[in-house]
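**Student:** One structure, pasted below without further comment.
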Amino acid sequence: MISGYSPQKFKVYDEAVDPAAVPFRTISSGRKIPAIGLGTFGSDHNSPQDIADAVIYAAGVGYRHFDCAAVYANEDYIGVALQEIMSGGVRREELFVTSKLWNDMHAESDVVDACKRSLQDLRLDYLDLYLVHWPFPNYHAPGCDVSSRSPDARPYVHEEFMKTWRQMEKLVDMGLVRHIGTSNMTIAKMKLLLHDAKYKPAVNEMELHPHFQQLDFYNYIASNGIVPVGYCPIGSPNRPERDRTSQDTVDIEDPVITEIARVHNVHPVSVCLKWAVQRGQIPIPMSVKPKNILSNIKAVVADPLSEKELKAIARIDKDCRLIKGQVFLWREDQDWQDLWDVDGVIKK
Ligand SMILES: NC(=O)c1ccc[n+]([C@@H]2O[C@H](COP(=O)([O-])OP(=O)(O)OC[C@H]3O[C@@H](n4cnc5c(N)ncnc54)[C@H](OP(=O)(O)O)[C@@H]3O)[C@@H](O)[C@H]2O)c1
């Protein structure tokens, strides 16, 4: 047990959603993933204990899909939570647990060790999904300012990324992970990867919310049989200060979203989540509040949006990327857009 942390008890709550009633997506292997997961990034506000307790509560109201990452610095606590959930009767095969390789562990010699560390922390024999968190090997200290740059930061170099990817493929062959995937990619980078991969990414995790719909990239990956997992699905209202700019817009205050919420008599957050699942992506909202954790899963099992409402939301895309990734830039004089290959060309 982690000293000082005694997890809350797992129980199935009366108001729980039946996990079998939660919509799912099927990945290329045939494995079904619950179409909503719980995010576990505490955004500098929530302690590892809070997040681990949120995981236990979420499982008690029907969540089976958990989006974790080594860099969230709470996998050891979440491991205790997962054990509590499984001791309470949920079988390992019912869970879908993701972790992610952090940017300072891309070296060929580090990938297997990094995965084993996450497995040890999460107290699991295998991961359902392991993602390369960012396609850059650029480390930055947790919580650092957006102007901070790592002295040895580099641009995307496909040959280097493929060395990392080969190790990700090895993890599948070793039986340590069931599926591998990517995160924070672009069409240009994904084209190269799809050309060279032995095992193609099963999912791509990307920022997706009504004000940032990434239509071209979304269509590109969907047409290649890759399932889109959407982070910041409600616009990450409590994201760290370093991830905020004055141009950012607020999805849950958009008049189209608030009007649809009024008609359905739900919170605007529920509208964002219904839209996400009905569009076809898997939202992974984070919350530590039982009321919100419950209402988020309830939102995606009942009272769907109409075609007209879905079309209205499709029209409010503002191309507003919230997680710009400035700290991963490799030169002082760069703009964050350089990370995202906006004109289709990978910046050097
Ligand atoms: N792959 C990547 O690079 C990447 C990047 C960012 C995030 N992620 C993943 O995506 C997850 C979600 O992203 P996120 O946490 O940034 O953003 P988000 O899920 O859009 O927003 C989370 C925030 O919304 C609040 N919230 C949740 N449900 C609510 C409700 N029903 N009503 C009102 N407020 C509600 C939560 O506060 P309360 O706790 O107060 O409810 C929380 O602070 C992360 O936790 C992480 O797992 C991945």
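Naming works like this for the structure tokens: A, B, ... for the chains as they're shown, residue 1 at the start of each chain, ligands 1 onward in shown order.
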Find the residues of chain A that sit at most 6 Å from ligand 1; for each, write down the nearest two atoms and how far apart they are in Å, to one decimal. Count only C-alpha atoms and all ligand atoms. Sort by chain, then by number going up, and give it as JSON lines.

**Tutor:**
{"residue": "A:Gly39", "atom": "CA", "partner": "ligand 1", "partner_atom_place_in_ligand_line": "47 (O)", "distance": 3.3}
{"residue": "A:Thr40", "atom": "CA", "partner": "ligand 1", "partner_atom_place_in_ligand_line": "45 (O)", "distance": 4.2}
{"residue": "A:Phe41", "atom": "CA", "partner": "ligand 1", "partner_atom_place_in_ligand_line": "45 (O)", "distance": 3.7}
{"residue": "A:Asp67", "atom": "CA", "partner": "ligand 1", "partner_atom_place_in_ligand_line": "47 (O)", "distance": 4.9}
{"residue": "A:Cys68", "atom": "CA", "partner": "ligand 1", "partner_atom_place_in_ligand_line": "47 (O)", "distance": 5.8}
{"residue": "A:His133", "atom": "CA", "partner": "ligand 1", "partner_atom_place_in_ligand_line": "1 (N)", "distance": 5.6}
{"residue": "A:Ser183", "atom": "CA", "partner": "ligand 1", "partner_atom_place_in_ligand_line": "1 (N)", "distance": 5.3}
{"residue": "A:Glu205", "atom": "CA", "partner": "ligand 1", "partner_atom_place_in_ligand_line": "1 (N)", "distance": 5.5}
{"residue": "A:Tyr231", "atom": "CA", "partner": "ligand 1", "partner_atom_place_in_ligand_line": "10 (O)", "distance": 3.9}
{"residue": "A:Cys232", "atom": "CA", "partner": "ligand 1", "partner_atom_place_in_ligand_line": "20 (O)", "distance": 3.2}
{"residue": "A:Pro233", "atom": "CA", "partner": "ligand 1", "partner_atom_place_in_ligand_line": "20 (O)", "distance": 4.2}
{"residue": "A:Ile234", "atom": "CA", "partner": "ligand 1", "partner_atom_place_in_ligand_line": "20 (O)", "distance": 3.7}
{"residue": "A:Gly235", "atom": "CA", "partner": "ligand 1", "partner_atom_place_in_ligand_line": "20 (O)", "distance": 4.3}
{"residue": "A:Ser236", "atom": "CA", "partner": "ligand 1", "partner_atom_place_in_ligand_line": "17 (O)", "distance": 3.4}
{"residue": "A:Pro237", "atom": "CA", "partner": "ligand 1", "partner_atom_place_in_ligand_line": "23 (C)", "distance": 5.3}
{"residue": "A:Asn238", "atom": "CA", "partner": "ligand 1", "partner_atom_place_in_ligand_line": "43 (O)", "distance": 4.4}
{"residue": "A:Arg239", "atom": "CA", "partner": "ligand 1", "partner_atom_place_in_ligand_line": "16 (O)", "distance": 5.7}
{"residue": "A:Val269", "atom": "CA", "partner": "ligand 1", "partner_atom_place_in_ligand_line": "31 (N)", "distance": 5.4}
{"residue": "A:Ile284", "atom": "CA", "partner": "ligand 1", "partner_atom_place_in_ligand_line": "11 (C)", "distance": 5.2}
{"residue": "A:Pro285", "atom": "CA", "partner": "ligand 1", "partner_atom_place_in_ligand_line": "19 (O)", "distance": 3.3}
{"residue": "A:Met286", "atom": "CA", "partner": "ligand 1", "partner_atom_place_in_ligand_line": "19 (O)", "distance": 4.1}
{"residue": "A:Ser287", "atom": "CA", "partner": "ligand 1", "partner_atom_place_in_ligand_line": "39 (O)", "distance": 3.4}
{"residue": "A:Val288", "atom": "CA", "partner": "ligand 1", "partner_atom_place_in_ligand_line": "39 (O)", "distance": 4.0}
{"residue": "A:Lys289", "atom": "CA", "partner": "ligand 1", "partner_atom_place_in_ligand_line": "41 (O)", "distance": 4.8}
{"residue": "A:Asn292", "atom": "CA", "partner": "ligand 1", "partner_atom_place_in_ligand_line": "31 (N)", "distance": 3.8}
{"residue": "A:Ser295", "atom": "CA", "partner": "ligand 1", "partner_atom_place_in_ligand_line": "31 (N)", "distance": 5.8}
{"residue": "A:Asn296", "atom": "CA", "partner": "ligand 1", "partner_atom_place_in_ligand_line": "31 (N)", "distance": 5.4}

**Student:** Would you please extract all strand (DSSP E) residues from region 169-272 of chain A, as assigned by DSSP on the backbone, and give them as a PyMOL selection string?

**Tutor:** chain A and resi 180-183+203-207+227-231

**Student:** Nearest to Phe136 (chain A): which of A:Asn184, A:Gln120, A:Glu108, A:Tyr13 is it, counting only C-alpha atoms?

**Tutor:**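 So, comparing all the options, the nearest one is A:Asn184.
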
**Student:** Could you give me, as a VMD selection string, the residues within 12 Å of Thr245 (chain A), counting only C-alpha atoms and dropping anything in the same chain fewer than 5 positions from it?

**Tutor:** chain A and resid 146 239 to 240 250 320 to 324 326

**Student:** I'd like to know which of A:Ala58, A:Arg92, A:Arg331, A:Trp340 is closest to Met206 (chain A), using only C-alpha atoms.

**Tutor:**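 So, comparing all the options, the nearest one is A:Trp340.
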